[in-house]
>>> print(open('target20.cif').read())   # mmCIF, C-alpha atoms and all ligand atoms
data_model
#
loop_
_atom_site.label_atom_id
_atom_site.label_comp_id
_atom_site.auth_asym_id
_atom_site.auth_seq_id
_atom_site.Cartn_x
_atom_site.Cartn_y
_atom_site.Cartn_z
CA MET A 1 -26.85 -30.05 44.59
CA VAL A 2 -26.52 -29.52 48.31
CA GLU A 3 -28.99 -28.51 51.05
CA GLN A 4 -28.05 -24.82 50.76
CA ASP A 5 -29.23 -24.77 47.15
CA PHE A 6 -32.78 -25.11 48.43
CA ILE A 7 -32.59 -22.12 50.79
CA PRO A 8 -34.09 -19.15 48.95
CA LYS A 9 -31.51 -16.48 48.24
CA TYR A 10 -34.35 -14.07 47.87
CA ASN A 11 -36.52 -12.26 50.40
CA TYR A 12 -40.16 -12.93 49.66
CA LYS A 13 -42.16 -9.76 49.34
CA LEU A 14 -45.27 -11.35 50.96
CA THR A 15 -47.68 -9.18 49.01
CA ILE A 16 -50.10 -12.09 48.58
CA GLU A 17 -52.77 -12.04 51.29
CA SER A 18 -54.48 -15.37 50.65
CA GLY A 19 -55.06 -18.10 48.10
CA LYS A 20 -55.22 -21.83 47.59
CA PHE A 21 -53.56 -24.57 45.58
CA THR A 22 -54.59 -28.16 44.93
CA TRP A 23 -52.24 -30.96 43.99
CA GLN A 24 -52.76 -34.62 43.44
CA SER A 25 -49.79 -36.86 44.10
CA PRO A 26 -49.35 -40.60 43.65
CA SER A 27 -48.19 -43.30 46.01
CA ASN A 28 -45.20 -45.44 45.08
CA ILE A 29 -44.06 -48.98 45.68
CA ALA A 30 -40.40 -49.67 46.36
CA LEU A 31 -38.68 -52.52 44.53
CA VAL A 32 -35.48 -52.04 46.54
CA LYS A 33 -36.54 -50.85 49.97
CA TYR A 34 -35.56 -47.89 52.12
CA TRP A 35 -35.30 -49.18 55.68
CA GLY A 36 -32.90 -47.34 57.96
CA LYS A 37 -32.05 -43.65 57.98
CA LYS A 38 -29.54 -41.17 59.38
CA GLU A 39 -30.29 -37.71 60.74
CA HIS A 40 -32.19 -35.29 58.50
CA GLN A 41 -33.98 -38.06 56.65
CA ILE A 42 -30.86 -39.28 54.87
CA PRO A 43 -31.35 -42.90 53.79
CA GLU A 44 -28.86 -45.58 54.85
CA ASN A 45 -29.17 -47.13 51.40
CA PRO A 46 -30.51 -46.14 48.00
CA SER A 47 -33.99 -47.32 47.02
CA ILE A 48 -35.88 -47.55 43.75
CA SER A 49 -39.64 -47.48 43.20
CA PHE A 50 -42.45 -47.65 40.68
CA THR A 51 -44.68 -44.60 40.84
CA LEU A 52 -48.32 -45.69 41.01
CA ASN A 53 -51.19 -44.32 39.01
CA THR A 54 -54.47 -44.89 40.85
CA CYS A 55 -53.45 -44.70 44.50
CA LYS A 56 -53.07 -41.02 45.22
CA THR A 57 -53.75 -38.17 47.60
CA THR A 58 -55.46 -34.94 46.68
CA THR A 59 -54.59 -31.98 48.89
CA THR A 60 -55.89 -28.44 48.85
CA LEU A 61 -53.80 -25.98 50.78
CA LYS A 62 -55.52 -22.71 51.67
CA PHE A 63 -53.37 -19.93 53.06
CA GLU A 64 -54.16 -16.60 54.66
CA LYS A 65 -51.73 -14.02 55.93
CA LYS A 66 -51.75 -13.79 59.74
CA GLU A 67 -52.93 -10.41 61.00
CA VAL A 68 -50.15 -10.43 63.54
CA PRO A 69 -47.12 -12.60 62.76
CA THR A 70 -46.41 -15.17 65.47
CA GLU A 71 -43.53 -17.48 66.26
CA LEU A 72 -45.75 -20.55 65.89
CA PHE A 73 -46.90 -22.54 62.89
CA SER A 74 -50.63 -22.14 62.47
CA PHE A 75 -52.65 -24.74 60.56
CA ASP A 76 -55.65 -27.05 60.63
CA VAL A 77 -55.87 -30.41 58.89
CA PHE A 78 -58.94 -32.12 57.48
CA LEU A 79 -59.16 -35.64 56.07
CA ASP A 80 -62.27 -36.19 53.93
CA GLY A 81 -63.78 -33.05 55.43
CA LYS A 82 -63.21 -34.15 59.04
CA LYS A 83 -60.82 -32.28 61.32
CA GLN A 84 -57.84 -34.54 61.98
CA ASP A 85 -55.87 -33.21 64.94
CA ASP A 86 -53.89 -36.44 65.23
CA PHE A 87 -52.16 -35.55 61.92
CA LYS A 88 -50.88 -32.30 63.40
CA PRO A 89 -47.69 -33.50 65.16
CA LYS A 90 -46.34 -35.06 61.94
CA ILE A 91 -47.08 -31.88 59.98
CA GLU A 92 -45.64 -29.70 62.75
CA THR A 93 -42.41 -31.75 62.55
CA PHE A 94 -42.47 -31.40 58.76
CA PHE A 95 -42.89 -27.60 59.00
CA LYS A 96 -40.03 -27.37 61.50
CA ARG A 97 -37.76 -29.36 59.20
CA ILE A 98 -38.56 -27.29 56.10
CA GLU A 99 -38.86 -23.83 57.64
CA SER A 100 -35.40 -22.70 56.59
CA TYR A 101 -36.18 -23.75 53.00
CA LEU A 102 -39.59 -22.02 52.95
CA PRO A 103 -39.22 -18.98 55.22
CA PHE A 104 -42.83 -17.82 54.65
CA LEU A 105 -44.34 -20.64 56.73
CA LYS A 106 -44.87 -18.64 59.92
CA GLU A 107 -46.41 -15.71 58.05
CA TYR A 108 -49.58 -17.56 57.07
CA HIS A 109 -52.36 -19.63 58.60
CA PHE A 110 -52.94 -22.80 56.56
CA VAL A 111 -55.92 -25.06 56.08
CA ILE A 112 -54.90 -28.45 54.71
CA GLU A 113 -57.76 -30.44 53.16
CA THR A 114 -56.75 -33.89 52.08
CA SER A 115 -58.34 -37.07 50.76
CA ASN A 116 -56.92 -40.39 49.59
CA SER A 117 -58.12 -42.67 46.83
CA PHE A 118 -57.38 -45.59 49.21
CA PRO A 119 -57.99 -46.29 52.90
CA HIS A 120 -55.83 -44.33 55.33
CA SER A 121 -53.21 -46.42 57.21
CA SER A 122 -53.99 -49.44 55.07
CA GLY A 123 -50.29 -50.04 54.54
CA ILE A 124 -50.55 -48.22 51.22
CA ALA A 125 -48.03 -45.48 51.66
CA SER A 126 -50.34 -42.55 52.38
CA SER A 127 -47.42 -40.66 53.89
CA ALA A 128 -45.69 -40.77 50.49
CA SER A 129 -48.60 -39.38 48.49
CA GLY A 130 -49.78 -37.15 51.35
CA MET A 131 -46.46 -35.50 52.10
CA SER A 132 -45.61 -35.07 48.43
CA ALA A 133 -49.01 -33.48 47.69
CA LEU A 134 -48.50 -31.06 50.58
CA ALA A 135 -44.94 -30.27 49.49
CA LEU A 136 -46.17 -29.52 45.96
CA CYS A 137 -48.82 -27.13 47.32
CA LEU A 138 -46.15 -25.36 49.38
CA MET A 139 -43.95 -25.11 46.31
CA SER A 140 -46.81 -23.49 44.41
CA ILE A 141 -47.08 -20.86 47.14
CA GLU A 142 -43.35 -20.19 46.98
CA LYS A 143 -43.54 -19.87 43.21
CA LEU A 144 -46.47 -17.47 43.49
CA LEU A 145 -44.63 -15.31 46.02
CA ILE A 146 -41.64 -15.12 43.75
CA GLU A 147 -43.64 -14.48 40.59
CA SER A 148 -45.72 -11.79 42.27
CA ASP A 149 -42.63 -9.72 42.82
CA VAL A 150 -41.74 -7.87 39.65
CA THR A 151 -38.22 -7.33 40.86
CA SER A 152 -37.56 -11.05 40.98
CA SER A 153 -36.86 -11.79 37.32
CA ALA A 154 -33.38 -13.07 38.06
CA VAL A 155 -34.82 -15.54 40.54
CA GLU A 156 -37.53 -16.62 38.14
CA ALA A 157 -34.97 -17.64 35.58
CA PHE A 158 -33.54 -20.06 38.10
CA TYR A 159 -36.97 -21.17 39.24
CA ASN A 160 -37.80 -23.51 36.37
CA GLU A 161 -39.76 -26.76 36.31
CA GLU A 162 -36.71 -28.86 37.04
CA TYR A 163 -35.89 -26.86 40.16
CA PHE A 164 -39.57 -26.90 41.22
CA ASN A 165 -39.67 -30.71 41.03
CA LYS A 166 -36.31 -31.17 42.72
CA LYS A 167 -37.20 -28.90 45.59
CA ALA A 168 -40.66 -30.52 45.87
CA SER A 169 -38.93 -33.90 46.17
CA PHE A 170 -36.37 -32.48 48.62
CA LEU A 171 -39.14 -31.08 50.85
CA SER A 172 -41.26 -34.24 50.55
CA ARG A 173 -38.31 -36.25 51.85
CA LEU A 174 -38.27 -34.15 54.98
CA GLY A 175 -41.95 -35.07 55.52
CA SER A 176 -41.52 -38.77 54.81
CA GLY A 177 -38.52 -40.35 53.13
CA SER A 178 -40.42 -42.40 50.56
CA ALA A 179 -42.48 -39.32 49.61
CA CYS A 180 -39.52 -37.91 47.67
CA ARG A 181 -40.04 -40.76 45.19
CA SER A 182 -43.61 -39.60 44.38
CA ILE A 183 -42.91 -36.38 42.51
CA GLU A 184 -42.00 -37.73 39.10
CA GLY A 185 -42.84 -40.96 37.31
CA ASP A 186 -42.32 -43.71 36.52
CA LEU A 187 -39.23 -45.31 37.99
CA ILE A 188 -37.49 -43.28 40.70
CA VAL A 189 -34.18 -43.65 42.49
CA TRP A 190 -33.51 -42.01 45.84
CA GLY A 191 -30.15 -42.27 47.55
CA ILE A 192 -26.62 -42.20 46.22
CA HIS A 193 -25.72 -45.27 44.20
CA LYS A 194 -22.29 -45.67 42.63
CA ASP A 195 -23.68 -46.81 39.26
CA ILE A 196 -26.42 -44.18 38.94
CA GLU A 197 -25.28 -40.77 37.81
CA ARG A 198 -26.71 -37.80 39.67
CA SER A 199 -28.41 -40.02 42.27
CA SER A 200 -28.80 -38.08 45.49
CA ASN A 201 -29.60 -38.62 49.14
CA LEU A 202 -31.53 -35.34 49.12
CA PHE A 203 -34.20 -36.03 46.49
CA GLY A 204 -35.47 -38.62 44.07
CA ILE A 205 -34.41 -38.66 40.43
CA LYS A 206 -35.94 -40.34 37.40
CA TYR A 207 -34.13 -43.59 36.67
CA PRO A 208 -31.78 -42.40 33.94
CA TYR A 209 -31.03 -45.59 31.98
CA GLN A 210 -32.69 -47.92 29.51
CA VAL A 211 -35.89 -49.68 30.61
CA HIS A 212 -37.05 -52.71 28.60
CA ASN A 213 -40.60 -52.83 27.24
CA ASN A 214 -41.39 -55.70 29.63
CA PHE A 215 -41.64 -53.07 32.38
CA LYS A 216 -43.86 -50.64 30.51
CA ASN A 217 -47.29 -50.44 32.13
CA TYR A 218 -46.26 -52.93 34.80
CA GLN A 219 -49.30 -53.85 36.89
CA ASP A 220 -49.67 -53.69 40.67
CA THR A 221 -52.75 -55.16 42.30
CA ILE A 222 -52.80 -54.34 45.99
CA LEU A 223 -54.45 -56.94 48.19
CA LEU A 224 -55.72 -55.36 51.39
CA VAL A 225 -55.13 -58.07 53.93
CA ASP A 226 -55.44 -55.89 56.98
CA LYS A 227 -56.84 -52.40 56.82
CA GLY A 228 -56.19 -51.61 60.48
CA GLU A 229 -53.85 -48.88 61.69
CA LYS A 230 -50.16 -49.83 61.49
CA LYS A 231 -48.93 -51.33 64.78
CA VAL A 232 -45.42 -50.00 64.32
CA SER A 233 -44.77 -46.75 62.49
CA SER A 234 -42.14 -46.68 59.76
CA THR A 235 -40.17 -44.10 61.72
CA VAL A 236 -39.88 -46.47 64.70
CA GLY A 237 -38.92 -49.29 62.33
CA HIS A 238 -36.21 -47.21 60.63
CA ASN A 239 -34.72 -46.34 64.01
CA LEU A 240 -34.46 -50.00 64.95
CA MET A 241 -31.89 -50.36 62.18
CA HIS A 242 -29.42 -48.29 64.24
CA ASP A 243 -28.21 -51.13 66.45
CA HIS A 244 -29.39 -53.89 64.19
CA PRO A 245 -27.01 -56.87 63.96
CA PHE A 246 -27.52 -57.23 60.20
CA ALA A 247 -27.69 -53.54 59.28
CA GLN A 248 -24.43 -53.22 57.34
CA GLN A 249 -25.01 -56.39 55.31
CA ARG A 250 -28.53 -55.20 54.55
CA PHE A 251 -27.39 -51.79 53.29
CA GLU A 252 -24.77 -53.48 51.12
CA GLN A 253 -27.35 -55.92 49.77
CA ALA A 254 -29.67 -53.06 48.76
CA ASN A 255 -26.81 -51.44 46.83
CA ASN A 256 -26.03 -54.73 45.10
CA ASN A 257 -29.67 -55.29 44.25
CA ILE A 258 -29.85 -51.91 42.55
CA SER A 259 -26.75 -52.77 40.52
CA LYS A 260 -28.43 -56.03 39.46
CA LEU A 261 -31.67 -54.18 38.60
CA ILE A 262 -29.83 -51.88 36.20
CA GLU A 263 -28.98 -54.95 34.10
CA VAL A 264 -32.50 -56.38 34.54
CA PHE A 265 -34.14 -53.16 33.36
CA LYS A 266 -31.88 -53.17 30.31
CA THR A 267 -32.40 -56.80 29.30
CA GLY A 268 -36.00 -57.26 30.48
CA ASN A 269 -35.04 -60.37 32.47
CA LEU A 270 -38.25 -60.95 34.42
CA LYS A 271 -36.95 -64.00 36.25
CA SER A 272 -34.16 -61.97 37.86
CA PHE A 273 -36.56 -59.09 38.48
CA ILE A 274 -38.83 -61.39 40.47
CA GLU A 275 -35.94 -62.79 42.47
CA ILE A 276 -34.69 -59.34 43.45
CA VAL A 277 -38.11 -57.88 44.24
CA GLU A 278 -39.33 -60.80 46.37
CA SER A 279 -36.02 -61.06 48.18
CA GLU A 280 -36.18 -57.33 48.99
CA ALA A 281 -39.71 -57.68 50.41
CA LEU A 282 -38.78 -60.65 52.57
CA THR A 283 -35.55 -59.00 53.70
CA LEU A 284 -37.47 -55.90 54.80
CA HIS A 285 -39.69 -58.06 56.98
CA ALA A 286 -36.73 -60.13 58.14
CA MET A 287 -35.15 -56.90 59.40
CA MET A 288 -38.28 -56.24 61.44
CA MET A 289 -38.29 -59.74 62.84
CA THR A 290 -34.62 -59.54 63.84
CA SER A 291 -34.53 -56.08 65.40
CA LEU A 292 -34.85 -55.43 69.12
CA PRO A 293 -37.66 -55.10 69.92
CA TYR A 294 -38.75 -57.47 67.13
CA PHE A 295 -42.11 -57.39 65.46
CA ILE A 296 -44.09 -59.09 62.71
CA LEU A 297 -46.31 -57.10 60.38
CA MET A 298 -47.29 -59.98 58.11
CA LYS A 299 -50.57 -61.74 58.88
CA PRO A 300 -51.46 -65.40 58.26
CA ASN A 301 -53.27 -64.30 55.09
CA THR A 302 -50.12 -62.53 53.85
CA LEU A 303 -48.33 -65.89 53.89
CA LYS A 304 -51.28 -67.70 52.30
CA ILE A 305 -51.19 -65.21 49.44
CA ILE A 306 -47.40 -65.53 49.01
CA ASN A 307 -47.65 -69.32 48.88
CA ALA A 308 -50.53 -69.19 46.41
CA ILE A 309 -48.53 -66.82 44.16
CA TRP A 310 -45.56 -69.21 44.24
CA SER A 311 -47.69 -72.25 43.28
CA PHE A 312 -49.47 -70.33 40.53
CA ARG A 313 -46.13 -69.16 39.15
CA ASN A 314 -44.76 -72.71 39.17
CA GLN A 315 -47.84 -74.06 37.41
CA THR A 316 -48.22 -71.39 34.76
CA GLY A 317 -44.74 -69.97 34.23
CA LEU A 318 -46.28 -66.49 34.33
CA HIS A 319 -44.12 -63.68 35.67
CA ILE A 320 -46.19 -62.81 38.69
CA CYS A 321 -44.48 -61.83 41.93
CA PHE A 322 -45.17 -59.98 45.17
CA THR A 323 -43.73 -57.21 47.22
CA LEU A 324 -44.59 -55.89 50.67
CA ASP A 325 -44.46 -52.55 52.40
CA ALA A 326 -44.29 -52.05 56.15
CA GLY A 327 -47.62 -53.82 56.62
CA ALA A 328 -49.60 -56.98 55.93
CA ASN A 329 -50.88 -56.03 52.49
CA VAL A 330 -49.47 -57.67 49.39
CA HIS A 331 -48.61 -55.88 46.16
CA VAL A 332 -48.95 -58.34 43.29
CA LEU A 333 -46.71 -57.25 40.42
CA TYR A 334 -46.96 -58.58 36.86
CA PRO A 335 -46.32 -57.50 33.26
CA GLU A 336 -49.20 -55.98 31.33
CA ASN A 337 -49.31 -58.97 28.94
CA ASP A 338 -50.26 -61.33 31.78
CA THR A 339 -53.08 -59.14 33.11
CA GLU A 340 -56.04 -61.29 32.07
CA GLN A 341 -54.78 -64.57 33.53
CA VAL A 342 -53.40 -62.98 36.69
CA LEU A 343 -56.59 -61.07 37.43
CA LYS A 344 -58.60 -64.28 37.08
CA PHE A 345 -56.23 -65.96 39.53
CA ILE A 346 -56.47 -63.05 41.95
CA GLN A 347 -60.25 -63.13 41.86
CA ASN A 348 -60.51 -66.91 42.14
CA GLU A 349 -57.82 -67.58 44.72
CA LEU A 350 -56.46 -64.48 46.43
CA VAL A 351 -59.40 -62.19 47.09
CA ALA A 352 -60.69 -64.66 49.68
CA HIS A 353 -57.66 -63.74 51.83
CA CYS A 354 -58.34 -60.00 51.66
CA GLN A 355 -60.24 -58.10 54.32
CA ASN A 356 -63.79 -57.59 52.99
CA ALA A 357 -62.53 -58.94 49.64
CA HIS A 358 -60.92 -55.55 49.09
CA TYR A 359 -58.23 -55.05 46.46
CA ILE A 360 -57.08 -52.18 44.25
CA CYS A 361 -55.85 -52.52 40.67
CA ASP A 362 -53.06 -50.12 39.92
CA ARG A 363 -50.14 -49.86 37.53
CA ILE A 364 -47.01 -47.81 37.04
CA GLY A 365 -47.85 -44.20 36.36
CA PHE A 366 -45.81 -41.73 34.37
CA GLY A 367 -45.64 -38.87 36.77
CA ALA A 368 -49.23 -38.94 37.98
CA LYS A 369 -48.83 -35.77 39.99
CA GLN A 370 -51.23 -33.08 38.85
CA ASN A 371 -51.92 -29.48 39.66
CA LEU A 372 -55.72 -29.16 39.86
C1 LIG B 401 -41.13 -49.99 54.02
O1 LIG B 401 -40.99 -43.23 54.03
O2 LIG B 401 -42.76 -44.16 55.54
O3 LIG B 401 -42.25 -48.37 52.68
O4 LIG B 401 -39.15 -41.47 56.31
O5 LIG B 401 -39.94 -42.33 58.49
O6 LIG B 401 -41.58 -41.34 56.90
P1 LIG B 401 -40.28 -42.11 57.07
O7 LIG B 401 -40.52 -43.55 56.48
P2 LIG B 401 -41.32 -44.03 55.21
O8 LIG B 401 -40.70 -45.50 55.04
C2 LIG B 401 -41.11 -46.32 54.01
C3 LIG B 401 -40.48 -47.63 54.16
C4 LIG B 401 -41.00 -48.71 53.23
C5 LIG B 401 -39.99 -48.97 52.12
C6 LIG B 401 -39.92 -47.98 51.00
O9 LIG B 401 -40.95 -47.37 50.62
O10 LIG B 401 -38.81 -47.82 50.47
#
>>> encode(input="target20.cif", output="structure tokens")
Amino acid sequence: MVEQDFIPKYNYKLTIESGKFTWQSPSNIALVKYWGKKEHQIPENPSISFTLNTCKTTTTLKFEKKEVPTELFSFDVFLDGKKQDDFKPKIETFFKRIESYLPFLKEYHFVIETSNSFPHSSGIASSASGMSALALCLMSIEKLLIESDVTSSAVEAFYNEEYFNKKASFLSRLGSGSACRSIEGDLIVWGIHKDIERSSNLFGIKYPYQVHNNFKNYQDTILLVDKGEKKVSSTVGHNLMHDHPFAQQRFEQANNNISKLIEVFKTGNLKSFIEIVESEALTLHAMMMTSLPYFILMKPNTLKIINAIWSFRNQTGLHICFTLDAGANVHVLYPENDTEQVLKFIQNELVAHCQNAHYICDRIGFGAKQNL
């Protein structure tokens, strides 16, 4: 599919005056990271992620037809019931990027009410769950507009669940790249990869090949090392890959790591899984440390946790590993079978390095998005 396939070939009848939709959408954690993008939110390399189950955003989108149509987007945003004007520029940019795909946007005033199951800007990707929840609400409006028009039966036939999800992912990407991986569970690929059929730069797809039982119900305990606002936004970080001395090697490495993961998912080789996932996390941060300007998002406690995980793994032989996002927090990944021992270790040795002893137990979800 190409961009044009997401432009409606149908003139909405706009007979709906007002309404509201609520969607819940999960966060995701990348195993092979997206870091570096071209224009129009096209990734420099493919990425692959586990969809999470507990970390999610719930968004209600209320819409009301403007009395007089204007040339401006009109919306208010609330986080946990509080007006959040600092979210507006990001949403304004999102609306501008998706306007041609949802031509009703300027016809309505929107109220966006959102809440997260985890702290905002904690390094847990709230932009992924937030933008995907908003995109899903917008898709529900589009669907309603189409369905409300009795003359639209031909369009309806095309407008099935598969198209709904694809377009929701496509729109989410234009809000935040990683958000396109939050629409469907449980293992999602975004970005063209030579070995993955139907992979696309425009939206995420479900990983289409065999996945060994070792990865079923894989656990992710997120250790909140630093709950402060991010010092460097992902968008700034992505842009620093443009003149980065190691950019091309990095993009190649990500492609190779996905090829290796295909084999790992088939055979269940946890040792190789750990090697790929930890190397990806450290490479992501190495890219930050070697860009100009350079920056470090890890904190001393991030390193203490990494070292403790390595010693514990050496001592016990358990298949525990870590990954990182663009922040100081650590995602501790482990198979379901090891849950009891790993949780004991986390409580005894790692929680002390978390801010206010805060951590969140999560696991891979199977398409946790939900229309409420
Ligand atoms: C480090 O998706 O937040 O989490 O497209 O600019 O919104 P934008 O970036 P974003 O970048 C996420 C980067 C990452 C790695 C990943 O999730 O793949």
>>> closest_atom_pairs(input="target20.cif", of="chain A", to="ligand LIG 401 (chain B)", cutoff="6 Å", atoms="only C-alpha atoms and all ligand atoms", output="JSON lines")
{"residue": "A:Ala30", "atom": "CA", "partner": "B:LIG401", "partner_atom": "O10", "distance": 4.8}
{"residue": "A:Lys33", "atom": "CA", "partner": "B:LIG401", "partner_atom": "O10", "distance": 3.8}
{"residue": "A:Tyr34", "atom": "CA", "partner": "B:LIG401", "partner_atom": "O10", "distance": 3.6}
{"residue": "A:Trp35", "atom": "CA", "partner": "B:LIG401", "partner_atom": "C3", "distance": 5.6}
{"residue": "A:Ser47", "atom": "CA", "partner": "B:LIG401", "partner_atom": "O10", "distance": 5.9}
{"residue": "A:Ser176", "atom": "CA", "partner": "B:LIG401", "partner_atom": "O6", "distance": 3.3}
{"residue": "A:Gly177", "atom": "CA", "partner": "B:LIG401", "partner_atom": "O4", "distance": 3.4}
{"residue": "A:Ser178", "atom": "CA", "partner": "B:LIG401", "partner_atom": "O1", "distance": 3.6}
{"residue": "A:Ser234", "atom": "CA", "partner": "B:LIG401", "partner_atom": "O7", "distance": 4.8}
{"residue": "A:Thr235", "atom": "CA", "partner": "B:LIG401", "partner_atom": "O5", "distance": 3.7}
{"residue": "A:Asp325", "atom": "CA", "partner": "B:LIG401", "partner_atom": "C1", "distance": 4.5}
{"residue": "A:Ala326", "atom": "CA", "partner": "B:LIG401", "partner_atom": "C1", "distance": 4.3}
>>> residues_around(input="target20.cif", residues="Gln341 (chain A)", least_positions_apart="3", cutoff="12 Å", atoms="all atoms listed in the file", output="NGL selection string")
:A and (312-313 or 316-320 or 334-338 or 344-349)
>>> atom_distance(input="target20.cif", atom1="CA of Asp186 (chain A)", atom2="CA of Phe50 (chain A)")
5.7 Å
>>> axis_aligned_box(input="target20.cif", around="region 78-89 of chain A", padding_each_side="5 Å", output="lines of an AutoDock Vina configuration file")
center_x = -55.7
center_y = -34.3
center_z = 59.6
size_x = 26.1
size_y = 14.3
size_z = 21.3
>>> closest_residue(input="target20.cif", among="A:Met298, A:Leu240, A:Ala286, A:Leu171", to="Phe203 (chain A)", atoms="only C-alpha atoms")
A:Leu171
>>> closest_residue(input="target20.cif", among="A:Leu31, A:Val351, A:Ile192, A:Leu61", to="His109 (chain A)", atoms="only C-alpha atoms")
A:Leu61
>>> residues_around(input="target20.cif", residues="region 223-226 of chain A", least_positions_apart="5", cutoff="12 Å", atoms="only C-alpha atoms", output="PyMOL selection string")
chain A and resi 118-124+231+297-306+322-333+343+346-347+349-362
>>> atom_distance(input="target20.cif", atom1="CA of Gly175 (chain A)", atom2="CA of Ser127 (chain A)")
8.0 Å
>>> atom_distance(input="target20.cif", atom1="CA of Pro103 (chain A)", atom2="CA of Ser172 (chain A)")
16.1 Å
>>> closest_atom_pairs(input="target20.cif", of="region 139-237 of chain A", to="region 244-256 of chain A", cutoff="12 Å", atoms="only C-alpha atoms", output="Markdown table")
| residue | atom | partner | partner_atom | distance |
| --- | --- | --- | --- | --- |
| A:Val189 | CA | A:Asn255 | CA | 11.6 |
| A:Trp190 | CA | A:Asn255 | CA | 11.6 |
| A:Gly191 | CA | A:Asn255 | CA | 9.8 |
| A:Ile192 | CA | A:Asn255 | CA | 9.3 |
| A:His193 | CA | A:Asn255 | CA | 6.8 |
| A:Lys194 | CA | A:Asn255 | CA | 8.4 |
| A:Asp195 | CA | A:Asn255 | CA | 9.4 |
| A:Ile196 | CA | A:Asn255 | CA | 10.7 |
| A:Gly237 | CA | A:His244 | CA | 10.7 |
>>> closest_residue(input="target20.cif", among="A:Gly204, A:Leu282, A:Phe215, A:Tyr159", to="Leu144 (chain A)", atoms="all atoms listed in the file")
A:Tyr159
>>> residues_near_point(input="target20.cif", point="(-39.6, -33.6, 48.6)", cutoff="9 Å", atoms="only C-alpha atoms", output="PyMOL selection string")
chain A and resi 131-132+135-136+165-177+179-183+202-204
